[in-house]
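Structure file upload06.txt; described as compact mmCIF, C-alpha atoms.
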# COMPACT_ATOMS: atom_id res chain seq x y z
CA MET A 32 -20.36 -0.02 3.66
CA ARG A 33 -20.24 -1.36 0.11
CA LEU A 34 -17.57 0.17 -2.11
CA SER A 35 -17.41 -0.10 -5.88
CA VAL A 36 -13.90 -0.01 -7.38
CA SER A 37 -12.85 0.42 -11.01
CA HIS A 38 -9.10 0.47 -11.66
CA THR A 39 -7.35 0.58 -15.05
CA THR A 40 -3.56 0.45 -15.38
CA ARG A 41 -2.06 0.94 -18.85
CA TYR A 42 1.59 0.66 -19.86
CA GLU A 43 2.42 2.23 -23.23
CA PHE A 44 5.78 1.34 -24.82
CA SER A 45 7.56 3.53 -27.36
CA GLU A 46 8.76 0.38 -29.17
CA PRO A 47 7.30 -3.14 -29.42
CA VAL A 48 8.23 -5.31 -26.44
CA SER A 49 10.04 -8.57 -27.13
CA HIS A 50 9.45 -10.10 -23.68
CA GLY A 51 8.00 -9.10 -20.33
CA LEU A 52 6.78 -10.47 -17.01
CA GLN A 53 4.57 -8.62 -14.55
CA ARG A 54 3.59 -9.50 -10.99
CA LEU A 55 0.15 -8.10 -10.15
CA ARG A 56 -1.18 -7.61 -6.60
CA MET A 57 -4.49 -6.00 -7.46
CA LYS A 58 -7.13 -8.29 -5.98
CA PRO A 59 -8.30 -7.64 -2.40
CA LYS A 60 -9.06 -10.56 -0.10
CA SER A 61 -11.94 -11.27 2.26
CA THR A 62 -10.16 -10.69 5.55
CA HIS A 63 -9.79 -8.29 8.48
CA GLY A 64 -13.07 -6.42 8.34
CA GLN A 65 -13.73 -6.60 4.61
CA LYS A 66 -15.55 -9.05 2.35
CA VAL A 67 -14.99 -9.19 -1.41
CA LEU A 68 -18.44 -9.55 -2.97
CA SER A 69 -17.20 -9.57 -6.57
CA TRP A 70 -13.93 -8.97 -8.40
CA GLN A 71 -12.71 -9.46 -11.95
CA MET A 72 -9.51 -8.69 -13.79
CA THR A 73 -9.07 -8.58 -17.58
CA LEU A 74 -5.84 -8.24 -19.52
CA ASN A 75 -5.12 -6.75 -22.94
CA GLY A 76 -1.65 -7.33 -24.35
CA ALA A 77 -0.71 -9.87 -21.68
CA SER A 78 -1.69 -13.38 -20.58
CA GLU A 79 -2.12 -14.82 -17.11
CA GLU A 80 0.43 -17.54 -16.32
CA VAL A 81 -0.29 -18.47 -12.70
CA LEU A 82 -2.24 -17.33 -9.66
CA TYR A 83 -0.80 -17.78 -6.16
CA GLU A 84 -0.56 -16.32 -2.66
CA ASP A 85 2.79 -14.78 -1.82
CA GLN A 86 4.57 -14.85 1.55
CA HIS A 87 2.24 -12.12 2.88
CA HIS A 88 -0.94 -13.93 1.76
CA ASN A 89 -1.42 -11.39 -1.03
CA SER A 90 -3.44 -12.62 -4.00
CA THR A 91 -0.85 -12.47 -6.80
CA ALA A 92 -1.01 -13.01 -10.55
CA LEU A 93 2.05 -13.58 -12.72
CA VAL A 94 1.37 -12.44 -16.29
CA SER A 95 3.49 -12.51 -19.43
CA VAL A 96 3.52 -9.67 -21.93
CA GLU A 97 2.65 -10.74 -25.45
CA PRO A 98 5.67 -10.31 -27.77
CA GLY A 99 5.39 -7.38 -30.14
CA VAL A 100 2.76 -5.35 -28.26
CA CYS A 101 3.13 -1.62 -27.70
CA ALA A 102 0.72 -1.46 -24.75
CA VAL A 103 -0.53 -3.57 -21.85
CA THR A 104 -3.81 -2.80 -20.09
CA VAL A 105 -5.03 -4.29 -16.80
CA ASN A 106 -8.67 -3.65 -15.92
CA CYS A 107 -9.91 -4.48 -12.41
CA SER A 108 -13.38 -3.93 -11.04
CA GLY A 109 -15.45 -5.21 -8.17
CA MET A 110 -17.34 -4.56 -4.98
CA VAL A 111 -16.08 -4.86 -1.42
CA GLU A 112 -18.08 -4.71 1.79
CA THR A 113 -16.20 -3.03 4.63
CA ALA A 114 -16.72 -2.69 8.37
CA ASP A 115 -15.70 -0.07 10.93
CA ASN A 116 -13.22 -1.63 13.37
CA ALA A 117 -11.52 1.65 14.33
CA GLY A 118 -8.44 0.54 12.42
CA VAL A 119 -7.93 -2.62 14.51
CA LEU A 120 -7.33 -5.76 12.47
CA GLY A 121 -6.53 -8.12 15.33
CA ARG A 122 -4.25 -11.10 15.70
CA HIS A 123 -1.32 -11.89 13.44
CA SER A 124 -1.71 -14.48 10.70
CA GLY A 125 0.08 -15.43 7.51
CA HIS A 126 3.27 -17.16 6.49
CA MET A 127 5.64 -14.50 7.86
CA PRO A 128 6.61 -14.61 11.56
CA LEU A 129 5.88 -11.47 13.53
CA TRP A 130 9.56 -10.76 14.16
CA ALA A 131 10.14 -10.42 10.40
CA PHE A 132 8.28 -7.10 10.52
CA LEU A 133 10.92 -5.64 12.83
CA ARG A 134 13.51 -5.98 10.07
CA GLN A 135 14.36 -2.75 8.26
CA THR A 136 14.54 -2.79 4.46
CA ALA A 137 16.41 -0.65 1.96
CA LEU A 138 13.40 1.69 1.76
CA THR A 139 12.79 1.95 5.52
CA ARG A 140 16.36 1.87 6.88
CA PRO A 141 16.58 4.74 9.41
CA GLY A 142 19.15 7.50 9.34
CA PRO A 143 19.79 10.31 11.83
CA LYS A 144 16.49 12.15 11.21
CA ILE A 145 14.27 9.11 11.72
CA ARG A 146 16.27 7.99 14.77
CA GLU A 147 15.80 11.48 16.23
CA LEU A 148 12.06 11.29 15.55
CA ALA A 149 11.79 7.88 17.23
CA ARG A 150 13.73 9.10 20.29
CA GLN A 151 11.44 12.11 20.57
CA VAL A 152 8.25 10.05 20.47
CA GLY A 153 9.72 7.32 22.67
CA GLY A 154 10.54 9.88 25.35
CA ASP A 155 6.98 11.22 25.66
CA ASN A 156 5.97 8.64 28.31
CA LEU A 157 3.28 7.26 26.02
CA GLU A 158 2.74 3.56 25.47
CA GLY A 159 1.02 1.19 23.08
CA VAL A 160 -1.39 2.59 20.54
CA ASP A 161 -1.19 6.11 22.03
CA ARG A 162 2.52 6.27 21.26
CA LEU A 163 1.90 5.14 17.67
CA HIS A 164 -0.79 7.78 17.16
CA ALA A 165 1.70 10.34 18.43
CA LEU A 166 4.27 8.99 15.97
CA SER A 167 1.79 9.32 13.11
CA HIS A 168 1.16 12.95 14.08
CA GLU A 169 4.88 13.74 14.25
CA VAL A 170 5.59 12.14 10.84
CA LEU A 171 2.91 14.28 9.18
CA ALA A 172 4.22 17.38 10.95
CA ALA A 173 7.75 16.68 9.70
CA VAL A 174 6.84 15.76 6.10
CA ARG A 175 4.15 17.79 4.34
CA TYR A 176 2.06 16.05 1.69
CA GLU A 177 3.25 17.18 -1.74
CA ILE A 178 3.03 15.21 -4.96
CA GLY A 179 5.73 15.13 -7.61
CA GLN A 180 8.67 15.49 -5.21
CA THR A 181 9.45 11.82 -4.54
CA HIS A 182 9.29 8.53 -6.46
CA VAL A 183 8.88 4.81 -5.78
CA ASN A 184 12.56 4.41 -4.90
CA THR A 185 12.71 7.32 -2.44
CA THR A 186 13.80 6.05 0.97
CA ALA A 187 12.17 6.97 4.25
CA GLU A 188 15.26 8.88 5.39
CA ASP A 189 15.50 10.83 2.11
CA ALA A 190 11.83 11.84 2.40
CA ILE A 191 12.09 13.09 5.99
CA VAL A 192 15.25 15.03 5.15
CA ALA A 193 13.50 16.64 2.17
CA GLY A 194 10.46 17.46 4.29
CA HIS A 195 7.86 16.56 1.67
CA GLY A 196 6.38 13.43 0.14
CA VAL A 197 3.23 11.40 -0.44
CA CYS A 198 1.41 8.57 1.32
CA GLN A 199 4.12 6.06 0.39
CA ASP A 200 6.77 8.21 2.08
CA HIS A 201 4.64 8.80 5.18
CA ALA A 202 4.07 5.05 5.51
CA HIS A 203 7.77 4.23 5.13
CA ILE A 204 8.84 6.79 7.74
CA PHE A 205 6.20 5.59 10.19
CA ILE A 206 7.21 1.96 9.63
CA SER A 207 10.90 2.75 10.11
CA ALA A 208 10.35 4.62 13.37
CA ALA A 209 7.79 2.12 14.71
CA ARG A 210 10.30 -0.68 14.26
CA LEU A 211 12.89 1.35 16.15
CA LEU A 212 10.34 1.64 18.97
CA GLY A 213 9.94 -2.13 19.04
CA ASN A 214 6.64 -2.45 17.16
CA PRO A 215 6.48 -4.79 14.16
CA ALA A 216 5.18 -2.72 11.23
CA ARG A 217 4.17 -3.25 7.62
CA TYR A 218 3.14 -1.39 4.48
CA VAL A 219 -0.40 -1.54 3.04
CA SER A 220 -1.51 -0.72 -0.49
CA GLY A 221 -5.17 -0.35 -1.32
CA TYR A 222 -8.00 2.03 -2.06
CA LEU A 223 -9.61 4.95 -0.25
CA MET A 224 -13.00 6.41 -1.10
CA MET A 225 -12.50 10.17 -1.16
CA ASP A 226 -15.19 12.42 0.27
CA ASP A 227 -14.84 15.10 -2.42
CA ARG A 228 -14.43 13.07 -5.63
CA VAL A 229 -14.85 9.67 -7.25
CA ASP A 230 -12.05 9.70 -9.83
CA GLN A 231 -8.49 9.46 -8.56
CA GLU A 232 -5.00 9.41 -10.07
CA ALA A 233 -3.60 6.56 -7.96
CA GLY A 234 -4.33 4.11 -5.18
CA HIS A 235 -3.56 4.78 -1.54
CA ALA A 236 -1.01 3.53 0.99
CA TRP A 237 -0.84 3.44 4.76
CA ALA A 238 0.90 1.52 7.54
CA GLU A 239 -0.01 -1.06 10.16
CA ALA A 240 1.78 -1.70 13.44
CA PHE A 241 1.43 -4.56 15.89
CA VAL A 242 0.35 -3.61 19.41
CA GLU A 243 0.21 -6.02 22.33
CA ASP A 244 -3.37 -6.94 23.35
CA LEU A 245 -4.77 -5.32 20.19
CA GLY A 246 -2.90 -6.97 17.33
CA TRP A 247 -2.42 -5.15 14.04
CA VAL A 248 -3.65 -1.54 13.94
CA GLY A 249 -3.77 0.70 10.86
CA PHE A 250 -2.41 4.26 10.65
CA ASP A 251 -3.04 6.50 7.66
CA VAL A 252 -0.41 9.15 8.35
CA SER A 253 -1.31 11.31 5.34
CA ASN A 254 -4.88 11.80 6.57
CA GLY A 255 -4.12 11.67 10.28
CA ILE A 256 -6.58 8.85 11.05
CA SER A 257 -6.86 5.10 11.42
CA PRO A 258 -8.58 3.37 8.47
CA ASP A 259 -12.38 3.33 8.53
CA PRO A 260 -14.99 1.74 6.20
CA ARG A 261 -13.82 3.92 3.29
CA TYR A 262 -10.61 1.86 3.03
CA VAL A 263 -10.02 -1.33 1.05
CA ARG A 264 -6.87 -3.33 1.84
CA VAL A 265 -5.33 -5.03 -1.21
CA ALA A 266 -1.75 -6.05 -0.35
CA THR A 267 0.73 -5.87 2.52
CA GLY A 268 4.50 -6.19 2.77
CA CYS A 269 7.58 -5.09 4.66
CA ASP A 270 7.71 -2.05 2.35
CA TYR A 271 6.28 -0.73 -0.93
CA ARG A 272 8.20 -3.19 -3.09
CA GLU A 273 6.49 -6.16 -1.45
CA ALA A 274 3.00 -4.66 -1.72
CA ALA A 275 3.19 -2.75 -5.01
CA PRO A 276 0.22 -3.28 -7.36
CA VAL A 277 2.52 -3.95 -10.32
CA THR A 278 6.15 -5.04 -10.42
CA GLY A 279 8.12 -6.75 -13.16
CA ILE A 280 10.43 -6.47 -16.11
CA SER A 281 10.12 -5.88 -19.83
CA PHE A 282 12.65 -6.06 -22.63
CA GLY A 283 12.65 -3.74 -25.60
CA PRO A 284 14.55 -0.79 -27.05
CA GLY A 285 12.08 1.90 -25.95
CA GLU A 286 10.69 3.47 -22.80
CA SER A 287 7.33 3.00 -21.10
CA VAL A 288 4.66 5.40 -19.86
CA LEU A 289 2.23 4.47 -17.10
CA LYS A 290 -1.38 5.70 -17.08
CA VAL A 291 -3.83 5.00 -14.25
CA ASN A 292 -7.58 5.55 -14.04
CA LEU A 293 -9.23 4.83 -10.70
CA ALA A 294 -12.74 5.34 -9.36
CA VAL A 295 -13.89 4.42 -5.84
CA GLU A 296 -17.43 5.14 -4.67
CA GLN A 297 -20.08 3.90 -2.31
CA HIS A 298 -22.53 1.49 -3.89
CA LEU A 299 -25.58 3.35 -5.16
CA SER A 300 -28.05 1.27 -3.16
CA GLU A 301 -26.51 2.60 0.05
CA GLN A 302 -26.27 6.27 -0.90
If you convert what's in this file into structure tokens, what do you get?
Amino acid sequence: MRLSVSHTTRYEFSEPVSHGLQRLRMKPKSTHGQKVLSWQMTLNGASEEVLYEDQHHNSTALVSVEPGVCAVTVNCSGMVETADNAGVLGRHSGHMPLWAFLRQTALTRPGPKIRELARQVGGDNLEGVDRLHALSHEVLAAVRYEIGQTHVNTTAEDAIVAGHGVCQDHAHIFISAARLLGNPARYVSGYLMMDDRVDQEAGHAWAEAFVEDLGWVGFDVSNGISPDPRYVRVATGCDYREAAPVTGISFGPGESVLKVNLAVEQHLSEQ
């Protein structure tokens, strides 16, 4: 399947910015069942300083905000060809050792609720990928999808206690519990072509866990499936902070407002 992606991120500042640095992870890579046919990124109000691959092999751009601007716009567009591998990515690669994905982070650190969830799933006499699919089901049952109730700094334990959250929260809870069960796990940010609309308000997030004899396998808890050709992987990390599309700092007296416009659709020649 060929997917066309158009993604605009705009930061508007209430006062001119004196200095700012942004780290952008917005370019997908040709790997694990997808091939980037074309991709371009343009900046308005900022300048590219350096391009590099981070510790997770994410394509990363460091950009500096132009002094005195009141807005920064990042426009990304391109086409990605995807394949249906039933969510299986295969063997581990990259700079990070596999054991590093067993380490809990500040966002995934388990509390009593997640430990209880892991014990429940671990006691069901299931193994391997079947146990992880059961975990995905239990996370969704425990935390209903509801926007506006959590934020980027909400921890996995806080989300499961609250009982509601979004794809980021589902991924963090799954990752936390999978690690307790002995499976290395990581966070994925990317795009999902929706069946009912083209325009979206944000990108998507899901999780991947390592399974013996299969390698890395994806789990989209929010939709109750493993990723299929409608998904485009952009960045991975131990949690959201390591795979976020935009991170950075800016200095100025005012506040900032983020606006996102995103469209993902199948290429017209294949419809």
Check your understanding: So which residues touch A:Asn89 within 6 Å, counting all atoms listed in the file, skipping near sequence neighbours fewer than 3 positions away, as a list in words?
Key -> Glu84, Asp85 and Ala266 of chain A
Point to revise | Expected residue set, 6 Å radius at (-0.6, -9.6, -21.8), only C-alpha atoms, as a VMD selection string | key: chain A and resid 74 to 78 95 to 97
Point to revise | Non-local contacts of A:His126 (8 Å; all atoms listed in the file; under 2 positions in same chain excluded) as a ChimeraX atom specification | key: /A:86-88,124,128
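Minimum atom-to-atom distances from A:Thr278, A:Gln297, A:Ser61, A:Ser45 to A:Arg264 were compared using only C-alpha atoms, and the lowest value belongs to A:Ser61.
Residues near the point (-8.1, 10.2, 8.4), at a distance of 12 Å or less over only C-alpha atoms, make up Ala117, Gly118, His164, Ser167, His168, Leu171, Cys198, Leu223, Met224, Met225, Asp226, Trp237, Gly249, Phe250, Asp251, Val252, Ser253, Asn254, Gly255, Ile256, Ser257, Pro258, Asp259, Pro260, Arg261 and Tyr262 of chain A.
What separates atom CA of A:Val81 from atom CA of A:Leu93 is a distance of 5.4 Å.
Among the candidates A:Ala187, A:Ala193, A:Ala216, A:Val263, the one nearest to A:Leu129 when counting all atoms listed in the file is A:Ala216.
Pairwise distance (atom CA of A:Glu232, atom CA of A:Met110) equals 19.3 Å.
Of the residues under consideration (A:Val192, A:Leu245, A:Val170, A:Leu293), A:Leu245 shows the shortest atom-to-atom contact distance to A:Gly121 when counting all atoms listed in the file.
Ranking A:Glu147, A:Glu239, A:Asp189, A:Asp270 by their shortest atom-to-atom distance to A:Glu169, with only C-alpha atoms included, puts A:Glu147 first.
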Point to revise | 6 Å contact set for A:Tyr218, only C-alpha atoms, chain neighbours under 6 positions out, as a list in words | key: Ala238, Thr267, Gly268, Cys269 and Asp270 of chain A
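Atom CA of A:Cys101 is found 27.2 Å from atom CA of A:Tyr83.
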Check your understanding: Quick one: residues within 10 Å of A:Leu163, all atoms listed in the file counted, chain neighbours fewer than 5 positions away excluded, as a ChimeraX atom specification?
Key -> /A:152-153,157-158,168-169,205,208-209,212,214,239-242,248-250
Around all of stretch 204-216 of chain A's listed atoms, make the axis-aligned box with 6 Å on each side and tell me centre and edge lengths in Å to one decimal, as JSON.
{"center_x": 9.0, "center_y": 1.0, "center_z": 13.4, "size_x": 19.7, "size_y": 23.6, "size_z": 23.3}
Practice item. Determine, counting only C-alpha atoms, which protein, DNA and RNA residues have an atom within 10 Å of an atom of A:Ala275; residues of the same chain fewer than 6 positions away are not included. Present the result as a PyMOL selection string. Key: chain A and resi 54-57+183+218-221+236+265-268
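The smallest atom-to-atom distance between A:Val105 and any of A:Ala294, A:Leu289, A:Ala190, A:Met127, using only C-alpha atoms, is found for A:Leu289.
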Exercise for review: Could you check which of A:Ser287, A:Val67, A:Asp155, A:Thr181 is closest to A:Ala114, using all atoms listed in the file?
Suggested key: A:Val67
